[in-house]
Amino acid sequence: MMQPDLFADERRTLPLGPDAALLGGFATESAEALISHIQHITASSPFRHMETRSGKRMSVAMSNCGSLGWVSDRSGYRYDALDPLTGNPWPHMPRLFRELAEHAARSIGFHNFTPEACLINQYRPGARLSLHQDMDEQDRTAPIVSVSLGLPATFLWGGHHRACRPKRYSLIHGDVVVWGGASRMIFHGIDVLKEGKHPLTEDVRFNLTFRKVR
Ligand code: MD3
Ligand code: FE
């Protein structure tokens with residue numbers, strides 16, 4: 001059963017840690033436009049289940065837009081200007097994406113953030129992202145901005161060691177999270193997505209992750 005949405009219109013801003021905050025509902029008004037951009041982008045660079053270095057198929061399907069995209073295969077993780085599936089550059093990052101990420105970052109004090117890469121994650125029920133650190137970016141002074149759309153998920157926020165038991169936060173449609181500074185290298189993940197039906201995305205959760213890479 002879904003949680004009752006008694007306070008769906010309330011904008012929660014929740015400090016998560018040093019230089020990190022959950023901006024509840026920051027993207028709610030842009031959500032339909034964001035989703036139609038996702039459909040347009042993935043018509044040319046389709047969602048695919050990448051492989052990890054060890055050859056495991058990821059349960060999350062991914063695509064990218066922007067001048068660089070995150071890719072994983074048997075040779076490891078990296079950013080690449082070309083989509084390995086099509087051989088073409090990744091689709092252009094829509095202005096709405098870039099401005100939303102810049103505004104969210106600015107609202108907690110990151111004034112010079114401009115993203116080069118937007119990873120688009122697609123979760124269906126059963127998909128998960130196990131605890132990891134984001135270590136593939138050279139510029140670790142820049143924050144990361146994440147936008148949640150569609151089905152809700154449980155975000156796992158650990159510590160600086162994999163063994164730290166993570167705190168659990170619910171991320172719902174329209175939520176934006178900004179992570180920078182001392183929170184940039186924490187272990188984090190997404191718990192197994194539960195079944196559900198969202199009016200805009202049906203049985204899907206999308207997450208946009210904006211990064212400055214170089
Ligand atoms: C905290 N994605 O793509 S976004 C990822 O919902 C990733 O798809 C999750 O973790 C998702 O790498 C979580 C929130 C997020 C992204 C990057 C972070 C949280 C972060 C980097 C450092 C600390
Ligand atoms: Fe991550």
# chains A, B, ... in the order shown; residues from 1 in each chain; ligands from 1
>>> residues_near_ligand(ligand="ligand 2", cutoff="12 Å", atoms="only C-alpha atoms and all ligand atoms", output="PyMOL selection string")
chain A and resi 70+119-121+128-137+144-146+155-158+177+179+183-190+207-211
>>> residues_around(residues="A:Gly69", least_positions_apart="6", cutoff="6 Å", atoms="only C-alpha atoms", output="MDAnalysis selection string")
chainID A and resid 79:80 117
>>> select_by_dssp(residues="stretch 86-162 of chain A", states="strand (DSSP E or B)", output="mmCIF file with all heavy atoms, in the first residue's frame")
data_model
loop_
_atom_site.group_PDB
_atom_site.id
_atom_site.type_symbol
_atom_site.label_atom_id
_atom_site.label_comp_id
_atom_site.auth_asym_id
_atom_site.auth_seq_id
_atom_site.Cartn_x
_atom_site.Cartn_y
_atom_site.Cartn_z
ATOM 1 N N PRO A 89 27.103 10.939 -30.123
ATOM 2 C CA PRO A 89 27.131 11.711 -28.874
ATOM 3 C C PRO A 89 25.809 11.516 -28.118
ATOM 4 O O PRO A 89 24.766 11.274 -28.735
ATOM 5 C CB PRO A 89 27.261 13.161 -29.350
ATOM 6 C CG PRO A 89 27.830 13.075 -30.725
ATOM 7 C CD PRO A 89 27.309 11.780 -31.307
ATOM 8 N N ALA A 117 26.933 16.404 -17.167
ATOM 9 C CA ALA A 117 26.413 15.052 -17.369
ATOM 10 C C ALA A 117 25.107 14.901 -16.614
ATOM 11 O O ALA A 117 24.978 15.363 -15.476
ATOM 12 C CB ALA A 117 27.426 14.027 -16.850
ATOM 13 N N CYS A 118 24.137 14.257 -17.257
ATOM 14 C CA CYS A 118 22.903 13.871 -16.573
ATOM 15 C C CYS A 118 22.677 12.388 -16.824
ATOM 16 O O CYS A 118 22.385 11.984 -17.955
ATOM 17 C CB CYS A 118 21.712 14.684 -17.071
ATOM 18 S SG CYS A 118 20.129 14.113 -16.385
ATOM 19 N N LEU A 119 22.848 11.604 -15.774
ATOM 20 C CA LEU A 119 22.549 10.167 -15.827
ATOM 21 C C LEU A 119 21.057 9.991 -15.565
ATOM 22 O O LEU A 119 20.531 10.571 -14.612
ATOM 23 C CB LEU A 119 23.379 9.447 -14.758
ATOM 24 C CG LEU A 119 23.078 7.957 -14.525
ATOM 25 C CD1 LEU A 119 23.429 7.131 -15.765
ATOM 26 C CD2 LEU A 119 23.872 7.449 -13.316
ATOM 27 N N ILE A 120 20.395 9.231 -16.416
ATOM 28 C CA ILE A 120 18.957 8.983 -16.265
ATOM 29 C C ILE A 120 18.778 7.521 -15.870
ATOM 30 O O ILE A 120 19.099 6.629 -16.657
ATOM 31 C CB ILE A 120 18.203 9.285 -17.574
ATOM 32 C CG1 ILE A 120 18.554 10.689 -18.089
ATOM 33 C CG2 ILE A 120 16.695 9.147 -17.361
ATOM 34 C CD1 ILE A 120 17.998 10.984 -19.489
ATOM 35 N N ASN A 121 18.338 7.307 -14.635
ATOM 36 C CA ASN A 121 18.134 5.947 -14.129
ATOM 37 C C ASN A 121 16.655 5.602 -14.206
ATOM 38 O O ASN A 121 15.797 6.412 -13.827
ATOM 39 C CB ASN A 121 18.583 5.839 -12.669
ATOM 40 C CG ASN A 121 20.086 5.919 -12.518
ATOM 41 O OD1 ASN A 121 20.832 5.655 -13.460
ATOM 42 N ND2 ASN A 121 20.548 6.289 -11.325
ATOM 43 N N GLN A 122 16.360 4.399 -14.668
ATOM 44 C CA GLN A 122 14.972 3.917 -14.730
ATOM 45 C C GLN A 122 14.852 2.659 -13.867
ATOM 46 O O GLN A 122 15.486 1.639 -14.139
ATOM 47 C CB GLN A 122 14.566 3.585 -16.167
ATOM 48 C CG GLN A 122 13.145 3.036 -16.262
ATOM 49 C CD GLN A 122 12.803 2.566 -17.673
ATOM 50 O OE1 GLN A 122 11.974 3.160 -18.347
ATOM 51 N NE2 GLN A 122 13.443 1.504 -18.123
ATOM 52 N N TYR A 123 14.019 2.758 -12.812
ATOM 53 C CA TYR A 123 13.770 1.643 -11.902
ATOM 54 C C TYR A 123 12.386 1.087 -12.151
ATOM 55 O O TYR A 123 11.423 1.848 -12.237
ATOM 56 C CB TYR A 123 13.802 2.111 -10.442
ATOM 57 C CG TYR A 123 15.111 2.640 -9.937
ATOM 58 C CD1 TYR A 123 15.563 3.903 -10.316
ATOM 59 C CD2 TYR A 123 15.881 1.893 -9.057
ATOM 60 C CE1 TYR A 123 16.767 4.394 -9.834
ATOM 61 C CE2 TYR A 123 17.093 2.387 -8.565
ATOM 62 C CZ TYR A 123 17.531 3.624 -8.960
ATOM 63 O OH TYR A 123 18.714 4.122 -8.486
ATOM 64 N N LEU A 129 19.792 -0.223 -6.226
ATOM 65 C CA LEU A 129 21.170 0.224 -6.449
ATOM 66 C C LEU A 129 21.883 0.018 -5.116
ATOM 67 O O LEU A 129 21.549 0.668 -4.124
ATOM 68 C CB LEU A 129 21.155 1.702 -6.866
ATOM 69 C CG LEU A 129 22.396 2.268 -7.517
ATOM 70 C CD1 LEU A 129 22.744 1.525 -8.815
ATOM 71 C CD2 LEU A 129 22.195 3.751 -7.824
ATOM 72 N N SER A 130 22.806 -0.922 -5.080
ATOM 73 C CA SER A 130 23.430 -1.246 -3.793
ATOM 74 C C SER A 130 24.389 -0.136 -3.356
ATOM 75 O O SER A 130 24.767 0.730 -4.155
ATOM 76 C CB SER A 130 24.118 -2.602 -3.863
ATOM 77 O OG SER A 130 24.985 -2.618 -4.958
ATOM 78 N N LEU A 131 24.735 -0.146 -2.073
ATOM 79 C CA LEU A 131 25.547 0.925 -1.482
ATOM 80 C C LEU A 131 26.833 1.120 -2.266
ATOM 81 O O LEU A 131 27.550 0.168 -2.546
ATOM 82 C CB LEU A 131 25.898 0.584 -0.036
ATOM 83 C CG LEU A 131 24.881 0.874 1.065
ATOM 84 C CD1 LEU A 131 25.520 0.581 2.423
ATOM 85 C CD2 LEU A 131 24.369 2.307 1.021
ATOM 86 N N HIS A 132 27.121 2.373 -2.610
ATOM 87 C CA HIS A 132 28.328 2.699 -3.378
ATOM 88 C C HIS A 132 28.720 4.133 -3.091
ATOM 89 O O HIS A 132 27.934 4.903 -2.519
ATOM 90 C CB HIS A 132 28.060 2.518 -4.874
ATOM 91 C CG HIS A 132 27.053 3.503 -5.417
ATOM 92 N ND1 HIS A 132 25.699 3.313 -5.297
ATOM 93 C CD2 HIS A 132 27.218 4.693 -6.046
ATOM 94 C CE1 HIS A 132 25.066 4.340 -5.830
ATOM 95 N NE2 HIS A 132 25.969 5.205 -6.288
ATOM 96 N N ILE A 144 26.426 17.192 -6.388
ATOM 97 C CA ILE A 144 25.612 16.339 -7.250
ATOM 98 C C ILE A 144 24.164 16.684 -6.943
ATOM 99 O O ILE A 144 23.809 16.877 -5.778
ATOM 100 C CB ILE A 144 25.901 14.849 -6.968
ATOM 101 C CG1 ILE A 144 27.332 14.509 -7.402
ATOM 102 C CG2 ILE A 144 24.880 13.951 -7.663
ATOM 103 C CD1 ILE A 144 27.723 13.062 -7.146
ATOM 104 N N VAL A 145 23.345 16.790 -7.984
ATOM 105 C CA VAL A 145 21.929 17.091 -7.800
ATOM 106 C C VAL A 145 21.129 15.911 -8.325
ATOM 107 O O VAL A 145 21.399 15.418 -9.430
ATOM 108 C CB VAL A 145 21.526 18.377 -8.555
ATOM 109 C CG1 VAL A 145 20.017 18.626 -8.444
ATOM 110 C CG2 VAL A 145 22.302 19.580 -8.018
ATOM 111 N N SER A 146 20.155 15.436 -7.555
ATOM 112 C CA SER A 146 19.333 14.314 -7.996
ATOM 113 C C SER A 146 17.856 14.676 -7.957
ATOM 114 O O SER A 146 17.391 15.363 -7.041
ATOM 115 C CB SER A 146 19.662 13.089 -7.137
ATOM 116 O OG SER A 146 18.561 12.661 -6.410
ATOM 117 N N VAL A 147 17.109 14.234 -8.971
ATOM 118 C CA VAL A 147 15.685 14.526 -9.108
ATOM 119 C C VAL A 147 14.929 13.204 -9.195
ATOM 120 O O VAL A 147 15.246 12.366 -10.040
ATOM 121 C CB VAL A 147 15.405 15.353 -10.390
ATOM 122 C CG1 VAL A 147 13.908 15.638 -10.542
ATOM 123 C CG2 VAL A 147 16.206 16.652 -10.381
ATOM 124 N N SER A 148 13.927 13.020 -8.333
ATOM 125 C CA SER A 148 13.136 11.793 -8.319
ATOM 126 C C SER A 148 11.785 12.018 -8.986
ATOM 127 O O SER A 148 11.096 13.005 -8.695
ATOM 128 C CB SER A 148 12.888 11.342 -6.875
ATOM 129 O OG SER A 148 14.092 10.914 -6.275
ATOM 130 N N LEU A 149 11.379 11.091 -9.856
ATOM 131 C CA LEU A 149 10.112 11.196 -10.586
ATOM 132 C C LEU A 149 9.411 9.843 -10.585
ATOM 133 O O LEU A 149 10.062 8.800 -10.707
ATOM 134 C CB LEU A 149 10.379 11.615 -12.046
ATOM 135 C CG LEU A 149 11.022 12.999 -12.232
ATOM 136 C CD1 LEU A 149 11.549 13.158 -13.656
ATOM 137 C CD2 LEU A 149 10.021 14.105 -11.907
ATOM 138 N N GLY A 150 8.090 9.871 -10.473
ATOM 139 C CA GLY A 150 7.316 8.630 -10.559
ATOM 140 C C GLY A 150 7.219 7.925 -9.223
ATOM 141 O O GLY A 150 7.031 8.564 -8.181
ATOM 142 N N ALA A 153 10.723 5.837 -3.630
ATOM 143 C CA ALA A 153 11.805 4.891 -3.335
ATOM 144 C C ALA A 153 12.359 5.181 -1.952
ATOM 145 O O ALA A 153 12.158 6.265 -1.405
ATOM 146 C CB ALA A 153 12.920 5.016 -4.374
ATOM 147 N N THR A 154 13.054 4.210 -1.405
ATOM 148 C CA THR A 154 13.763 4.404 -0.142
ATOM 149 C C THR A 154 15.246 4.603 -0.435
ATOM 150 O O THR A 154 15.900 3.717 -0.984
ATOM 151 C CB THR A 154 13.555 3.205 0.795
ATOM 152 O OG1 THR A 154 12.157 3.074 1.052
ATOM 153 C CG2 THR A 154 14.290 3.411 2.115
ATOM 154 N N PHE A 155 15.706 5.805 -0.098
ATOM 155 C CA PHE A 155 17.107 6.168 -0.284
ATOM 156 C C PHE A 155 17.891 5.739 0.953
ATOM 157 O O PHE A 155 17.444 5.931 2.079
ATOM 158 C CB PHE A 155 17.186 7.682 -0.480
ATOM 159 C CG PHE A 155 18.587 8.186 -0.617
ATOM 160 C CD1 PHE A 155 19.367 7.843 -1.713
ATOM 161 C CD2 PHE A 155 19.136 9.002 0.362
ATOM 162 C CE1 PHE A 155 20.670 8.301 -1.838
ATOM 163 C CE2 PHE A 155 20.433 9.467 0.240
ATOM 164 C CZ PHE A 155 21.195 9.121 -0.852
ATOM 165 N N LEU A 156 19.018 5.108 0.726
ATOM 166 C CA LEU A 156 19.878 4.640 1.818
ATOM 167 C C LEU A 156 21.069 5.574 1.917
ATOM 168 O O LEU A 156 21.798 5.762 0.937
ATOM 169 C CB LEU A 156 20.366 3.213 1.512
ATOM 170 C CG LEU A 156 19.259 2.195 1.200
ATOM 171 C CD1 LEU A 156 19.868 0.872 0.731
ATOM 172 C CD2 LEU A 156 18.378 1.981 2.417
ATOM 173 N N TRP A 157 21.232 6.166 3.089
ATOM 174 C CA TRP A 157 22.321 7.113 3.282
ATOM 175 C C TRP A 157 23.237 6.591 4.374
ATOM 176 O O TRP A 157 22.881 6.593 5.544
ATOM 177 C CB TRP A 157 21.775 8.496 3.628
ATOM 178 C CG TRP A 157 22.840 9.513 3.598
ATOM 179 C CD1 TRP A 157 23.959 9.494 2.808
ATOM 180 C CD2 TRP A 157 22.935 10.691 4.386
ATOM 181 N NE1 TRP A 157 24.723 10.590 3.053
ATOM 182 C CE2 TRP A 157 24.123 11.341 4.014
ATOM 183 C CE3 TRP A 157 22.126 11.261 5.371
ATOM 184 C CZ2 TRP A 157 24.525 12.529 4.590
ATOM 185 C CZ3 TRP A 157 22.531 12.446 5.933
ATOM 186 C CH2 TRP A 157 23.711 13.077 5.545
#
>>> select_by_dssp(residues="stretch 43-97 of chain A", states="alpha helix (DSSP H)", output="list in words")
Ala43, Ser44, Arg95, Leu96 and Phe97 of chain A
>>> residues_around(residues="stretch 27-40 of chain A", least_positions_apart="4", cutoff="12 Å", atoms="only C-alpha atoms", output="CSV table (one decimal) with N, CA, C and O atoms, in the first residue's frame")
chain,number,residue,atom,x,y,z
A,8,ALA,N,1.1,16.3,0.6
A,8,ALA,CA,1.7,16.3,-0.7
A,8,ALA,C,2.1,17.7,-1.3
A,8,ALA,O,3.1,17.8,-2.0
A,9,ASP,N,1.4,18.7,-0.8
A,9,ASP,CA,1.7,20.1,-1.4
A,9,ASP,C,2.7,20.8,-0.5
A,9,ASP,O,3.2,21.9,-0.9
A,10,GLU,N,3.0,20.3,0.6
A,10,GLU,CA,4.0,20.9,1.5
A,10,GLU,C,5.4,20.8,1.0
A,10,GLU,O,5.8,19.7,0.5
A,11,ARG,N,6.2,21.9,1.0
A,11,ARG,CA,7.5,21.8,0.5
A,11,ARG,C,8.4,21.6,1.8
A,11,ARG,O,8.6,22.5,2.6
A,22,LEU,N,17.6,17.8,1.3
A,22,LEU,CA,16.4,17.3,0.5
A,22,LEU,C,15.5,18.4,0.3
A,22,LEU,O,15.0,19.0,1.3
A,23,LEU,N,15.2,18.8,-1.0
A,23,LEU,CA,14.3,19.9,-1.3
A,23,LEU,C,13.0,19.2,-1.8
A,23,LEU,O,12.9,18.8,-2.9
A,44,SER,N,16.4,8.4,-28.8
A,44,SER,CA,17.6,8.3,-29.5
A,44,SER,C,18.7,7.5,-28.8
A,44,SER,O,19.5,6.8,-29.4
A,45,SER,N,18.8,7.6,-27.5
A,45,SER,CA,19.8,6.8,-26.7
A,45,SER,C,18.9,6.0,-25.7
A,45,SER,O,18.6,6.5,-24.6
A,46,PRO,N,18.5,4.8,-26.1
A,46,PRO,CA,17.6,4.0,-25.3
A,46,PRO,C,18.1,3.6,-23.9
A,46,PRO,O,19.3,3.5,-23.7
A,47,PHE,N,17.2,3.4,-23.0
A,47,PHE,CA,17.6,2.7,-21.7
A,47,PHE,C,18.2,1.4,-22.0
A,47,PHE,O,17.7,0.6,-22.8
A,62,MET,N,19.7,2.4,-17.7
A,62,MET,CA,20.3,3.8,-17.7
A,62,MET,C,20.4,4.4,-19.1
A,62,MET,O,20.5,3.6,-20.1
A,63,SER,N,20.3,5.7,-19.2
A,63,SER,CA,20.8,6.4,-20.3
A,63,SER,C,21.4,7.7,-19.8
A,63,SER,O,21.5,7.9,-18.6
A,64,ASN,N,21.8,8.6,-20.7
A,64,ASN,CA,22.4,9.9,-20.3
A,64,ASN,C,22.0,11.0,-21.3
A,64,ASN,O,21.7,10.7,-22.5
A,65,CYS,N,22.1,12.2,-20.8
A,65,CYS,CA,22.2,13.4,-21.8
A,65,CYS,C,23.2,14.3,-21.3
A,65,CYS,O,23.7,14.3,-20.1
A,91,PRO,N,22.4,12.6,-26.3
A,91,PRO,CA,21.5,13.7,-26.6
A,91,PRO,C,21.8,15.0,-25.8
A,91,PRO,O,22.4,14.9,-24.7
A,92,HIS,N,21.6,16.1,-26.3
A,92,HIS,CA,21.8,17.4,-25.7
A,92,HIS,C,21.0,17.5,-24.4
A,92,HIS,O,19.9,16.9,-24.2
A,93,MET,N,21.6,18.1,-23.4
A,93,MET,CA,20.9,18.3,-22.1
A,93,MET,C,19.9,19.4,-22.3
A,93,MET,O,20.3,20.6,-22.6
A,94,PRO,N,18.6,19.2,-22.1
A,94,PRO,CA,17.6,20.2,-22.2
A,94,PRO,C,17.9,21.4,-21.2
A,94,PRO,O,18.3,21.1,-20.1
A,95,ARG,N,17.6,22.6,-21.7
A,95,ARG,CA,17.8,23.8,-20.8
A,95,ARG,C,17.0,23.6,-19.5
A,95,ARG,O,17.5,24.0,-18.4
A,96,LEU,N,15.8,23.1,-19.5
A,96,LEU,CA,15.0,22.9,-18.3
A,96,LEU,C,15.8,22.0,-17.3
A,96,LEU,O,15.8,22.3,-16.1
A,97,PHE,N,16.5,21.0,-17.8
A,97,PHE,CA,17.3,20.1,-16.9
A,97,PHE,C,18.4,20.9,-16.2
A,97,PHE,O,18.6,20.9,-15.0
A,98,ARG,N,19.1,21.6,-17.1
A,98,ARG,CA,20.3,22.3,-16.5
A,98,ARG,C,19.9,23.4,-15.6
A,98,ARG,O,20.5,23.5,-14.5
A,99,GLU,N,18.8,24.2,-15.9
A,99,GLU,CA,18.4,25.3,-15.0
A,99,GLU,C,17.9,24.7,-13.7
A,99,GLU,O,18.1,25.3,-12.6
A,100,LEU,N,17.1,23.7,-13.8
A,100,LEU,CA,16.6,23.1,-12.5
A,100,LEU,C,17.7,22.7,-11.6
A,100,LEU,O,17.7,22.9,-10.4
A,101,ALA,N,18.7,22.0,-12.2
A,101,ALA,CA,19.9,21.5,-11.3
A,101,ALA,C,20.6,22.7,-10.8
A,101,ALA,O,21.0,22.7,-9.6
A,103,HIS,N,19.5,25.8,-10.2
A,103,HIS,CA,18.7,26.5,-9.2
A,103,HIS,C,18.7,25.7,-7.9
A,103,HIS,O,18.8,26.3,-6.8
A,104,ALA,N,18.6,24.4,-8.0
A,104,ALA,CA,18.6,23.6,-6.7
A,104,ALA,C,19.9,23.7,-6.0
A,104,ALA,O,19.9,23.9,-4.8
A,118,CYS,N,24.1,14.3,-17.3
A,118,CYS,CA,22.9,13.9,-16.6
A,118,CYS,C,22.7,12.4,-16.8
A,118,CYS,O,22.4,12.0,-18.0
A,119,LEU,N,22.8,11.6,-15.8
A,119,LEU,CA,22.5,10.2,-15.8
A,119,LEU,C,21.1,10.0,-15.6
A,119,LEU,O,20.5,10.6,-14.6
A,120,ILE,N,20.4,9.2,-16.4
A,120,ILE,CA,19.0,9.0,-16.3
A,120,ILE,C,18.8,7.5,-15.9
A,120,ILE,O,19.1,6.6,-16.7
A,121,ASN,N,18.3,7.3,-14.6
A,121,ASN,CA,18.1,5.9,-14.1
A,121,ASN,C,16.7,5.6,-14.2
A,121,ASN,O,15.8,6.4,-13.8
A,122,GLN,N,16.4,4.4,-14.7
A,122,GLN,CA,15.0,3.9,-14.7
A,122,GLN,C,14.9,2.7,-13.9
A,122,GLN,O,15.5,1.6,-14.1
A,145,VAL,N,23.3,16.8,-8.0
A,145,VAL,CA,21.9,17.1,-7.8
A,145,VAL,C,21.1,15.9,-8.3
A,145,VAL,O,21.4,15.4,-9.4
A,146,SER,N,20.2,15.4,-7.6
A,146,SER,CA,19.3,14.3,-8.0
A,146,SER,C,17.9,14.7,-8.0
A,146,SER,O,17.4,15.4,-7.0
A,147,VAL,N,17.1,14.2,-9.0
A,147,VAL,CA,15.7,14.5,-9.1
A,147,VAL,C,14.9,13.2,-9.2
A,147,VAL,O,15.2,12.4,-10.0
A,148,SER,N,13.9,13.0,-8.3
A,148,SER,CA,13.1,11.8,-8.3
A,148,SER,C,11.8,12.0,-9.0
A,148,SER,O,11.1,13.0,-8.7
A,149,LEU,N,11.4,11.1,-9.9
A,149,LEU,CA,10.1,11.2,-10.6
A,149,LEU,C,9.4,9.8,-10.6
A,149,LEU,O,10.1,8.8,-10.7
A,150,GLY,N,8.1,9.9,-10.5
A,150,GLY,CA,7.3,8.6,-10.6
A,150,GLY,C,7.2,7.9,-9.2
A,150,GLY,O,7.0,8.6,-8.2
A,172,ILE,N,10.1,10.9,-2.9
A,172,ILE,CA,8.9,10.9,-3.7
A,172,ILE,C,9.0,11.7,-5.0
A,172,ILE,O,9.9,12.6,-5.1
A,173,HIS,N,8.0,11.5,-5.9
A,173,HIS,CA,7.9,12.3,-7.1
A,173,HIS,C,8.1,13.8,-6.8
A,173,HIS,O,7.4,14.4,-6.0
A,174,GLY,N,9.0,14.4,-7.5
A,174,GLY,CA,9.2,15.8,-7.4
A,174,GLY,C,10.3,16.2,-6.4
A,174,GLY,O,10.7,17.4,-6.4
A,175,ASP,N,10.8,15.2,-5.6
A,175,ASP,CA,11.9,15.6,-4.7
A,175,ASP,C,13.2,15.8,-5.4
A,175,ASP,O,13.6,15.1,-6.3
A,176,VAL,N,14.0,16.7,-4.8
A,176,VAL,CA,15.3,17.0,-5.4
A,176,VAL,C,16.3,16.9,-4.2
A,176,VAL,O,16.0,17.4,-3.1
A,177,VAL,N,17.4,16.3,-4.4
A,177,VAL,CA,18.4,16.3,-3.3
A,177,VAL,C,19.8,16.9,-3.9
A,177,VAL,O,20.1,16.6,-5.0
A,199,PRO,N,0.5,8.0,-11.4
A,199,PRO,CA,-0.3,8.5,-12.5
A,199,PRO,C,0.5,9.0,-13.7
A,199,PRO,O,0.0,8.9,-14.9
A,200,LEU,N,1.7,9.4,-13.6
A,200,LEU,CA,2.5,9.9,-14.7
A,200,LEU,C,3.4,8.9,-15.3
A,200,LEU,O,3.7,8.9,-16.5
A,201,THR,N,3.8,7.9,-14.5
A,201,THR,CA,4.9,7.0,-15.0
A,201,THR,C,4.5,5.5,-14.9
A,201,THR,O,5.3,4.6,-15.2
A,204,VAL,N,7.1,2.9,-13.0
A,204,VAL,CA,8.5,3.3,-13.1
A,204,VAL,C,8.8,4.4,-12.2
A,204,VAL,O,8.0,5.3,-11.9
A,205,ARG,N,10.1,4.3,-11.7
A,205,ARG,CA,10.7,5.5,-11.0
A,205,ARG,C,11.9,5.9,-11.9
A,205,ARG,O,12.7,5.1,-12.4
A,206,PHE,N,11.9,7.2,-12.2
A,206,PHE,CA,13.1,7.8,-12.9
A,206,PHE,C,13.9,8.6,-11.8
A,206,PHE,O,13.3,9.3,-11.0
A,207,ASN,N,15.2,8.6,-12.0
A,207,ASN,CA,16.0,9.5,-11.2
A,207,ASN,C,17.0,10.2,-12.2
A,207,ASN,O,17.7,9.5,-13.0
A,208,LEU,N,17.1,11.5,-12.1
A,208,LEU,CA,18.1,12.2,-12.9
A,208,LEU,C,19.2,12.6,-11.9
A,208,LEU,O,18.9,13.1,-10.8
>>> residues_around(residues="A:His49", least_positions_apart="6", cutoff="7 Å", atoms="only C-alpha atoms", output="PyMOL selection string")
chain A and resi 57-62
>>> write_last_selection(atoms="N, CA and C atoms", output="JSON list (two decimals), in the first residue's frame")
[["chain", "number", "residue", "atom", "x", "y", "z"],
["A", 57, "ARG", "N", 24.61, -7.90, -14.69],
["A", 57, "ARG", "CA", 23.68, -6.97, -15.31],
["A", 57, "ARG", "C", 23.05, -6.11, -14.22],
["A", 58, "MET", "N", 23.11, -4.80, -14.36],
["A", 58, "MET", "CA", 22.51, -3.92, -13.35],
["A", 58, "MET", "C", 20.99, -3.98, -13.47],
["A", 59, "SER", "N", 20.28, -3.98, -12.33],
["A", 59, "SER", "CA", 18.81, -4.05, -12.37],
["A", 59, "SER", "C", 18.20, -2.71, -12.78],
["A", 60, "VAL", "N", 18.95, -1.62, -12.61],
["A", 60, "VAL", "CA", 18.52, -0.29, -13.03],
["A", 60, "VAL", "C", 18.91, -0.13, -14.50],
["A", 61, "ALA", "N", 17.96, 0.37, -15.34],
["A", 61, "ALA", "CA", 18.28, 0.67, -16.74],
["A", 61, "ALA", "C", 18.71, 2.14, -16.82],
["A", 62, "MET", "N", 19.67, 2.43, -17.70],
["A", 62, "MET", "CA", 20.26, 3.77, -17.71],
["A", 62, "MET", "C", 20.40, 4.35, -19.12]]
>>> closest_residue(among="A:Val213, A:Ala163, A:Ala20, A:Leu14", to="ligand 1", atoms="only C-alpha atoms and all ligand atoms")
A:Ala20
>>> closest_residue(among="A:His111, A:Arg165, A:His198, A:His160", to="ligand 1", atoms="only C-alpha atoms and all ligand atoms")
A:His160
>>> residues_around(residues="A:Arg53", least_positions_apart="2", cutoff="10 Å", atoms="only C-alpha atoms", output="MDAnalysis selection string")
chainID A and resid 50:51 55:57 72:77
>>> write_last_selection(atoms="C-alpha atoms", output="tab-separated table (two decimals), in the first residue's frame")
chain	number	residue	atom	x	y	z
A	50	MET	CA	24.75	-1.96	-18.28
A	51	GLU	CA	27.16	-4.59	-17.00
A	55	GLY	CA	29.87	-8.98	-15.65
A	56	LYS	CA	26.68	-8.56	-13.59
A	57	ARG	CA	23.68	-6.97	-15.31
A	72	SER	CA	29.83	0.79	-17.21
A	73	ASP	CA	31.01	-2.40	-18.90
A	74	ARG	CA	33.54	-5.16	-18.33
A	75	SER	CA	36.38	-2.67	-18.56
A	76	GLY	CA	34.89	-0.67	-15.64
A	77	TYR	CA	33.15	2.65	-15.03
>>> closest_residue(among="A:Thr141, A:Thr42, A:Ser107, A:Thr114", to="ligand 1", atoms="only C-alpha atoms and all ligand atoms")
A:Thr141
>>> closest_residue(among="A:Pro18, A:Gly87, A:Pro115, A:Gly180", to="ligand 1", atoms="only C-alpha atoms and all ligand atoms")
A:Gly180
>>> atom_distance(atom1="atom CA of A:Asn88", atom2="atom CA of A:Ser67")
11.2 Å
>>> decode(residues="stretch 165-179 of chain A", atoms="C-alpha atoms", output="compact mmCIF listing (two decimals), in the first residue's frame")
# COMPACT_ATOMS: atom_id res chain seq x y z
CA ARG A 165 24.38 1.04 8.73
CA PRO A 166 22.47 3.41 6.42
CA LYS A 167 19.66 5.75 7.44
CA ARG A 168 16.53 5.42 5.29
CA TYR A 169 14.71 8.35 3.65
CA SER A 170 11.66 8.22 1.41
CA LEU A 171 12.10 10.04 -1.92
CA ILE A 172 8.87 10.86 -3.72
CA HIS A 173 7.90 12.29 -7.09
CA GLY A 174 9.24 15.83 -7.39
CA ASP A 175 11.89 15.57 -4.66
CA VAL A 176 15.33 17.02 -5.36
CA VAL A 177 18.45 16.28 -3.34
CA VAL A 178 21.70 18.27 -3.42
CA TRP A 179 24.89 16.65 -2.12
